[in-house]
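*Asks:* For reference, the structure I am asking about is given below.
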Amino acid sequence: MKRLVFLEDEDILREEIADFLRDQGYLVDAVASIGEFKLCYNPGRHRLALLDLGLPDGDGRELIRELRGRGHRVGIVVLTARGGIRDKVAGLEEGADYYLAKTVDLDELAATLAALARRLGEPEKGACWTLELGARRLIPPGYQPLSLSQQDLTVLQILMQRPGVAVSRRQIIEAQGENYLDYDQRRLDTQISRLRRKTEELCGLALPLNTLRNAGYCFFAEAEIVA
């Protein structure tokens, strides 16, 4: 699955971007310093790194040089307030794959990470998620089944029927037998967040579900539904 380590020392910005990336289907390990990065980073687990440069315990460019010097094939995207051309050129020369200013639109950030993930061979091919309707279970690829509530089962069923196709919020709400106009949509957001968290806690995988802002959701992995 798509797993990345995100290094940003500003608490609010780190939380905001980490939540956005989780909505995009990433499993995010967010850290606030170079020291925390080195404790967290695992080259066998993290294929992507999103890095700030101005950090409380050093310069992110030194970290990039260290990663490249050790031969790590990690995809590196710099996200920094240093938006000048000279800074950008220096960052790319140090070994970053992409260099973005912090004023970047979040959709552009997501597209950049997705392009880099494709180049690195992410996401994994042939990993099928199975939804068992009768047993009311979700089976992540290579892991034990997760028991589901009836509501979660209904939501996943409509999302997994057509992987890669956007499903509107209205379709999901009405599939649960609710009136779209009367429904508090925050309930759906809470349900999706809870389902993501449960999946990650029980098997360590990110639920392959993208949030389409102001539109709906998209299940982007190979999927099978059985009775």
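For the structure tokens, the naming scheme is as follows: chains receive sequential letters (A, B, ...) according to their order of presentation, residues are indexed from 1 within each chain, and ligands are indexed from 1 in presentation order.
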Residues of range 1-128 of chain A in alpha helix (DSSP H) according to DSSP, as a VMD selection string?

*Replies:* chain A and resid 11 to 23 34 to 40 60 to 69 85 to 94 106 to 119

*Asks:* Determine, counting only C-alpha atoms, which protein, DNA and RNA residues have an atom within 10 Å of an atom of His72 in chain A; residues of the same chain fewer than 6 positions away are not included. Present the result as a list of chain:residue names.

*Replies:*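 Surrounding residues, per the criterion: A:Asn42, A:Pro43, A:Gly44, A:Arg47, A:Ile64, A:Glu66.
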
*Asks:* Need the shell around range 101-111 of chain A: protein/DNA/RNA residues with any atom at most 9 Å away, counting only C-alpha atoms. Skip same-chain ones fewer than 2 positions apart. Format as a tab-separated table (two decimals) with N, CA and C atoms, in the first residue's frame?

*Replies:*
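Dumped to around_24.tsv:
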chain	number	residue	atom	x	y	z
A	17	ILE	N	-2.15	18.55	6.63
A	17	ILE	CA	-1.70	17.84	5.43
A	17	ILE	C	-1.73	16.33	5.65
A	20	PHE	N	-5.23	15.22	5.17
A	20	PHE	CA	-5.57	15.25	3.75
A	20	PHE	C	-4.99	14.03	3.02
A	21	LEU	N	-3.74	13.69	3.29
A	21	LEU	CA	-3.11	12.56	2.61
A	21	LEU	C	-3.75	11.23	3.03
A	24	GLN	N	-6.58	10.65	1.01
A	24	GLN	CA	-6.20	10.25	-0.34
A	24	GLN	C	-5.76	8.78	-0.40
A	78	VAL	N	9.96	17.61	-1.67
A	78	VAL	CA	10.21	18.71	-0.73
A	78	VAL	C	9.00	19.62	-0.72
A	79	LEU	N	8.54	19.98	0.48
A	79	LEU	CA	7.45	20.94	0.65
A	79	LEU	C	7.94	22.00	1.63
A	80	THR	N	8.24	23.19	1.12
A	80	THR	CA	8.95	24.16	1.93
A	80	THR	C	8.52	25.59	1.63
A	81	ALA	N	8.83	26.49	2.58
A	81	ALA	CA	8.59	27.91	2.36
A	81	ALA	C	9.68	28.54	1.50
A	82	ARG	N	10.76	27.82	1.29
A	82	ARG	CA	11.85	28.32	0.45
A	82	ARG	C	11.50	28.08	-1.02
A	83	GLY	N	10.80	29.05	-1.60
A	83	GLY	CA	10.27	28.84	-2.94
A	83	GLY	C	11.07	29.44	-4.06
A	84	GLY	N	12.26	30.01	-3.77
A	84	GLY	CA	13.05	30.63	-4.81
A	84	GLY	C	13.66	29.63	-5.78
A	99	TYR	N	10.04	19.45	-5.98
A	99	TYR	CA	10.25	20.55	-5.04
A	99	TYR	C	9.04	21.46	-5.14
A	113	LEU	N	2.55	13.40	-5.64
A	113	LEU	CA	2.88	12.16	-4.93
A	113	LEU	C	2.42	10.93	-5.70
A	114	ALA	N	1.25	11.02	-6.33
A	114	ALA	CA	0.74	9.89	-7.10
A	114	ALA	C	1.63	9.60	-8.30
A	115	ALA	N	2.10	10.66	-8.97
A	115	ALA	CA	2.99	10.47	-10.12
A	115	ALA	C	4.30	9.83	-9.68
A	116	LEU	N	4.83	10.27	-8.56
A	116	LEU	CA	6.07	9.68	-8.05
A	116	LEU	C	5.87	8.24	-7.63

*Asks:* Quick one: distance from CA of Leu209 in chain A to CA of Gly25 in chain A in Å, one decimal?

*Replies:*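 Taking CA of Leu209 in chain A and CA of Gly25 in chain A, their separation equals 5.2 Å.
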
*Asks:* Can you work out the spacing between CA of Glu178 in chain A and CA of Gln150 in chain A in Å, to one decimal?

*Replies:*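 Taking CA of Glu178 in chain A and CA of Gln150 in chain A, their separation equals 13.9 Å.
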
*Asks:* Counting only C-alpha atoms, figure out which residue out of A:Leu120, A:Leu133, A:Cys218, A:Ile76 gets nearest to Leu148 in chain A.

*Replies:* A:Leu133

*Asks:* What's the 12 Å shell around Gly75 in chain A, counting only C-alpha atoms, without same-chain residues fewer than 6 positions away, as a PyMOL selection string?

*Replies:* chain A and resi 2-6+43+46-51+64+67-68+95-99+112-122

*Asks:* Quick one: residues within 9 Å of Leu138 in chain A, only C-alpha atoms, excluding same-chain residues fewer than 5 positions away - as a ChimeraX atom specification?

*Replies:* /A:129-133,144-148,153,156

*Asks:* From a DSSP pass on the backbone, collect the residues of range 9-164 of chain A flagged as strand (DSSP E or B) and hand them back as a compact mmCIF listing (two decimals) with N, CA and C atoms, in the first residue's frame.

*Replies:*
# COMPACT_ATOMS: atom_id res chain seq x y z
N LEU A 27 -1.04 5.81 4.01
CA LEU A 27 -0.77 5.52 5.41
C LEU A 27 0.37 6.44 5.81
N VAL A 28 0.10 7.43 6.66
CA VAL A 28 1.04 8.52 6.92
C VAL A 28 1.67 8.38 8.30
N ASP A 29 3.00 8.42 8.35
CA ASP A 29 3.74 8.55 9.60
C ASP A 29 4.27 9.98 9.64
N ALA A 30 3.69 10.81 10.51
CA ALA A 30 4.03 12.23 10.57
C ALA A 30 4.99 12.50 11.72
N VAL A 31 6.10 13.20 11.43
CA VAL A 31 7.13 13.50 12.43
C VAL A 31 7.47 14.98 12.36
N LEU A 48 7.85 6.61 0.06
CA LEU A 48 7.73 8.04 -0.22
C LEU A 48 8.06 8.84 1.03
N ALA A 49 8.69 10.01 0.82
CA ALA A 49 8.98 10.93 1.92
C ALA A 49 8.61 12.34 1.48
N LEU A 50 7.86 13.03 2.33
CA LEU A 50 7.47 14.42 2.11
C LEU A 50 8.18 15.24 3.17
N LEU A 51 9.09 16.14 2.75
CA LEU A 51 10.00 16.76 3.69
C LEU A 51 9.96 18.29 3.64
N GLY A 54 13.43 23.71 6.55
CA GLY A 54 13.80 24.46 7.74
C GLY A 54 13.25 23.79 8.98
N LEU A 55 14.11 23.06 9.70
CA LEU A 55 13.67 22.23 10.82
C LEU A 55 14.41 22.61 12.10
N GLY A 58 18.04 20.93 12.28
CA GLY A 58 18.90 20.81 11.12
C GLY A 58 18.21 21.25 9.83
N ASP A 59 18.92 21.04 8.73
CA ASP A 59 18.43 21.41 7.40
C ASP A 59 17.99 20.14 6.68
N GLY A 75 11.20 7.84 -2.78
CA GLY A 75 10.76 9.01 -3.53
C GLY A 75 10.65 10.20 -2.60
N ILE A 76 11.31 11.30 -2.93
CA ILE A 76 11.38 12.46 -2.04
C ILE A 76 10.70 13.66 -2.67
N VAL A 77 9.72 14.21 -1.97
CA VAL A 77 9.08 15.46 -2.36
C VAL A 77 9.36 16.48 -1.28
N VAL A 78 9.96 17.61 -1.67
CA VAL A 78 10.21 18.71 -0.73
C VAL A 78 9.00 19.62 -0.72
N LEU A 79 8.54 19.98 0.48
CA LEU A 79 7.45 20.94 0.65
C LEU A 79 7.94 22.00 1.63
N THR A 80 8.24 23.19 1.12
CA THR A 80 8.95 24.16 1.93
C THR A 80 8.52 25.59 1.63
N TYR A 98 10.89 15.99 -6.45
CA TYR A 98 10.03 17.15 -6.73
C TYR A 98 10.26 18.19 -5.63
N TYR A 99 10.04 19.45 -5.98
CA TYR A 99 10.25 20.55 -5.04
C TYR A 99 9.04 21.46 -5.14
N LEU A 100 8.27 21.55 -4.05
CA LEU A 100 7.04 22.33 -4.05
C LEU A 100 7.08 23.39 -2.95
N ALA A 101 6.49 24.54 -3.24
CA ALA A 101 6.35 25.59 -2.23
C ALA A 101 5.13 25.28 -1.35
N CYS A 128 -5.84 -7.90 -3.94
CA CYS A 128 -7.30 -7.81 -4.00
C CYS A 128 -7.90 -7.75 -2.59
N TRP A 129 -8.82 -6.79 -2.41
CA TRP A 129 -9.59 -6.68 -1.18
C TRP A 129 -10.93 -7.38 -1.40
N THR A 130 -11.31 -8.23 -0.45
CA THR A 130 -12.53 -9.01 -0.60
C THR A 130 -13.57 -8.60 0.44
N LEU A 131 -14.79 -8.38 -0.02
CA LEU A 131 -15.90 -8.05 0.86
C LEU A 131 -16.87 -9.23 0.88
N GLU A 132 -17.06 -9.84 2.04
CA GLU A 132 -17.97 -10.96 2.19
C GLU A 132 -19.29 -10.45 2.76
N ARG A 137 -17.82 -9.24 6.41
CA ARG A 137 -16.40 -9.09 6.71
C ARG A 137 -15.67 -8.44 5.52
N LEU A 138 -14.61 -7.70 5.84
CA LEU A 138 -13.68 -7.19 4.84
C LEU A 138 -12.36 -7.92 5.02
N ILE A 139 -11.84 -8.47 3.91
CA ILE A 139 -10.57 -9.21 3.99
C ILE A 139 -9.51 -8.44 3.22
N LEU A 146 -11.78 -8.54 8.78
CA LEU A 146 -12.25 -7.53 9.72
C LEU A 146 -13.77 -7.60 9.77
N SER A 147 -14.32 -7.73 10.96
CA SER A 147 -15.77 -7.74 11.10
C SER A 147 -16.32 -6.33 10.88

*Asks:* Could you give me, as a PDB file with N, CA and C atoms, in the first residue's frame, the residues within 12 Å of Pro141 in chain A, counting only C-alpha atoms and dropping anything in the same chain fewer than 5 positions from it?

*Replies:*
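Dumped to result_5.pdb:
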ATOM      1  N   MET A   1       0.835  -1.185   0.000  1.00  0.00           N
ATOM      2  CA  MET A   1       0.000   0.000   0.000  1.00  0.00           C
ATOM      3  C   MET A   1       0.881   1.251   0.000  1.00  0.00           C
ATOM      4  N   GLU A 124       0.889  -1.430  -5.012  1.00  0.00           N
ATOM      5  CA  GLU A 124       1.123  -2.829  -5.315  1.00  0.00           C
ATOM      6  C   GLU A 124       0.080  -3.379  -6.292  1.00  0.00           C
ATOM      7  N   LYS A 125       0.562  -4.215  -7.192  1.00  0.00           N
ATOM      8  CA  LYS A 125      -0.320  -4.810  -8.179  1.00  0.00           C
ATOM      9  C   LYS A 125      -0.918  -6.125  -7.654  1.00  0.00           C
ATOM     10  N   GLY A 126      -2.118  -6.408  -8.062  1.00  0.00           N
ATOM     11  CA  GLY A 126      -2.711  -7.701  -7.799  1.00  0.00           C
ATOM     12  C   GLY A 126      -3.134  -7.953  -6.363  1.00  0.00           C
ATOM     13  N   ALA A 127      -3.177  -6.916  -5.548  1.00  0.00           N
ATOM     14  CA  ALA A 127      -3.584  -7.068  -4.161  1.00  0.00           C
ATOM     15  C   ALA A 127      -5.085  -6.828  -4.069  1.00  0.00           C
ATOM     16  N   CYS A 128      -5.845  -7.903  -3.935  1.00  0.00           N
ATOM     17  CA  CYS A 128      -7.302  -7.810  -3.996  1.00  0.00           C
ATOM     18  C   CYS A 128      -7.903  -7.753  -2.595  1.00  0.00           C
ATOM     19  N   TRP A 129      -8.817  -6.794  -2.410  1.00  0.00           N
ATOM     20  CA  TRP A 129      -9.593  -6.682  -1.177  1.00  0.00           C
ATOM     21  C   TRP A 129     -10.926  -7.384  -1.400  1.00  0.00           C
ATOM     22  N   THR A 130     -11.314  -8.229  -0.451  1.00  0.00           N
ATOM     23  CA  THR A 130     -12.534  -9.014  -0.598  1.00  0.00           C
ATOM     24  C   THR A 130     -13.569  -8.596   0.440  1.00  0.00           C
ATOM     25  N   LEU A 131     -14.790  -8.384  -0.023  1.00  0.00           N
ATOM     26  CA  LEU A 131     -15.900  -8.054   0.857  1.00  0.00           C
ATOM     27  C   LEU A 131     -16.866  -9.233   0.878  1.00  0.00           C
ATOM     28  N   LEU A 146     -11.780  -8.539   8.776  1.00  0.00           N
ATOM     29  CA  LEU A 146     -12.247  -7.529   9.715  1.00  0.00           C
ATOM     30  C   LEU A 146     -13.770  -7.599   9.769  1.00  0.00           C
ATOM     31  N   THR A 199      -9.303  -0.227  10.061  1.00  0.00           N
ATOM     32  CA  THR A 199      -8.513  -1.030   9.133  1.00  0.00           C
ATOM     33  C   THR A 199      -7.031  -0.898   9.438  1.00  0.00           C
ATOM     34  N   CYS A 203      -4.786  -4.188  10.827  1.00  0.00           N
ATOM     35  CA  CYS A 203      -3.882  -4.886   9.907  1.00  0.00           C
ATOM     36  C   CYS A 203      -2.705  -4.037   9.434  1.00  0.00           C
ATOM     37  N   GLY A 204      -2.674  -2.753   9.798  1.00  0.00           N
ATOM     38  CA  GLY A 204      -1.552  -1.914   9.416  1.00  0.00           C
ATOM     39  C   GLY A 204      -1.598  -1.409   7.990  1.00  0.00           C
ATOM     40  N   LEU A 205      -2.686  -1.653   7.280  1.00  0.00           N
ATOM     41  CA  LEU A 205      -2.834  -1.189   5.906  1.00  0.00           C
ATOM     42  C   LEU A 205      -3.762   0.020   5.854  1.00  0.00           C
ATOM     43  N   ALA A 206      -3.483   0.902   4.900  1.00  0.00           N
ATOM     44  CA  ALA A 206      -4.395   2.015   4.653  1.00  0.00           C
ATOM     45  C   ALA A 206      -5.540   1.521   3.777  1.00  0.00           C
ATOM     46  N   LEU A 207      -6.762   1.825   4.162  1.00  0.00           N
ATOM     47  CA  LEU A 207      -7.905   1.479   3.329  1.00  0.00           C
ATOM     48  C   LEU A 207      -7.766   2.214   1.994  1.00  0.00           C
ATOM     49  N   PRO A 208      -7.788   1.491   0.858  1.00  0.00           N
ATOM     50  CA  PRO A 208      -7.551   2.144  -0.440  1.00  0.00           C
ATOM     51  C   PRO A 208      -8.756   2.954  -0.910  1.00  0.00           C
ATOM     52  N   ALA A 221      -8.407   0.184  -5.263  1.00  0.00           N
ATOM     53  CA  ALA A 221      -7.693  -1.078  -5.375  1.00  0.00           C
ATOM     54  C   ALA A 221      -8.556  -2.147  -6.046  1.00  0.00           C
ATOM     55  N   GLU A 222      -7.922  -3.245  -6.416  1.00  0.00           N
ATOM     56  CA  GLU A 222      -8.677  -4.380  -6.962  1.00  0.00           C
ATOM     57  C   GLU A 222      -9.603  -4.907  -5.876  1.00  0.00           C
ATOM     58  N   ALA A 223     -10.846  -5.201  -6.239  1.00  0.00           N
ATOM     59  CA  ALA A 223     -11.840  -5.592  -5.239  1.00  0.00           C
ATOM     60  C   ALA A 223     -12.700  -6.740  -5.738  1.00  0.00           C
ATOM     61  N   GLU A 224     -13.164  -7.547  -4.776  1.00  0.00           N
ATOM     62  CA  GLU A 224     -14.078  -8.657  -5.060  1.00  0.00           C
ATOM     63  C   GLU A 224     -15.168  -8.671  -4.009  1.00  0.00           C
TER      64      GLU A 224
END

*Asks:* In Å, with one decimal, what is the gap from CA of Val155 in chain A to CA of Gln185 in chain A?

*Replies:*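 These two atoms are separated by 13.6 Å.
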